[in-house]
Amino acid sequence: MYAVAGALAVDCVRQGHPTTVHILVDSLGQFVRKFLVPWLKRRGGWAEITKCVVKMDCTPERPWLSSVIDSLKYFLTTVYIYVMKEQ
């Protein structure tokens, strides 16, 4: 969420709308206060959440080649979106 908000803020400034950054910051802060904090508290805080989302087994699930192909796919998608946005 923070990465997306940061990217949106950069785009707003680049396109000449720096005042919109404050709206993004306020909106993200409201979301965190209203939804994320209560959600984390109900689940026991950060320490308990890590038990649910952190994978302790570090063995690879699939061969390295498929990871490389996936990375290439995401890279090419990003380049395509960037090029289309510039036109």
# chains A, B, ... in the order shown; residues from 1 in each chain; ligands from 1
>>> residues_around(residues="A:Met1", least_positions_apart="3", cutoff="12 Å", atoms="only C-alpha atoms", output="list of chain:residue names")
A:Val4, A:Ala5, A:Gly6, A:Ala7, A:Leu8, A:Leu24, A:Val25, A:Ser27, A:Leu28, A:Gly29, A:Phe31, A:Val32, A:Leu36
>>> write_last_selection(atoms="C-alpha atoms", output="PDB file, in the first residue's frame")
ATOM      1  CA  VAL A   4       1.599   2.250  -4.437  1.00  0.00           C
ATOM      2  CA  ALA A   5       0.794   5.478  -2.590  1.00  0.00           C
ATOM      3  CA  GLY A   6       4.396   6.606  -3.003  1.00  0.00           C
ATOM      4  CA  ALA A   7       4.339   5.893  -6.737  1.00  0.00           C
ATOM      5  CA  LEU A   8       1.049   7.756  -7.085  1.00  0.00           C
ATOM      6  CA  LEU A  24      -3.026  10.523  -0.783  1.00  0.00           C
ATOM      7  CA  VAL A  25      -1.172  10.756   2.526  1.00  0.00           C
ATOM      8  CA  SER A  27      -6.307   8.766   2.742  1.00  0.00           C
ATOM      9  CA  LEU A  28      -3.647   6.162   3.459  1.00  0.00           C
ATOM     10  CA  GLY A  29      -3.430   7.307   7.073  1.00  0.00           C
ATOM     11  CA  PHE A  31      -7.179   3.532   5.969  1.00  0.00           C
ATOM     12  CA  VAL A  32      -4.420   2.412   8.316  1.00  0.00           C
ATOM     13  CA  LEU A  36      -5.377  -2.002   9.310  1.00  0.00           C
TER      14      LEU A  36
END
>>> atom_distance(atom1="atom CA of A:Thr78", atom2="atom CA of A:Ala3")
15.0 Å
>>> atom_distance(atom1="atom CA of A:Val10", atom2="atom CA of A:Tyr74")
21.1 Å
>>> select_by_dssp(residues="stretch 12-49 of chain A", states="alpha helix (DSSP H)", output="list in words")
Cys12, Val13, Arg14, Thr20, Val21, His22, Ile23, Leu24, Val25, Asp26, Ser27, Leu28, Gly29, Gln30, Phe31, Val37, Pro38, Trp39, Leu40, Lys41, Arg42, Gly45, Trp46, Ala47, Glu48 and Ile49 of chain A
>>> closest_residue(among="A:Ile69, A:Ala9, A:Leu40, A:Ile81", to="A:Asp26", atoms="only C-alpha atoms")
A:Ala9
>>> atom_distance(atom1="atom CA of A:Gly16", atom2="atom CA of A:Tyr80")
23.7 Å
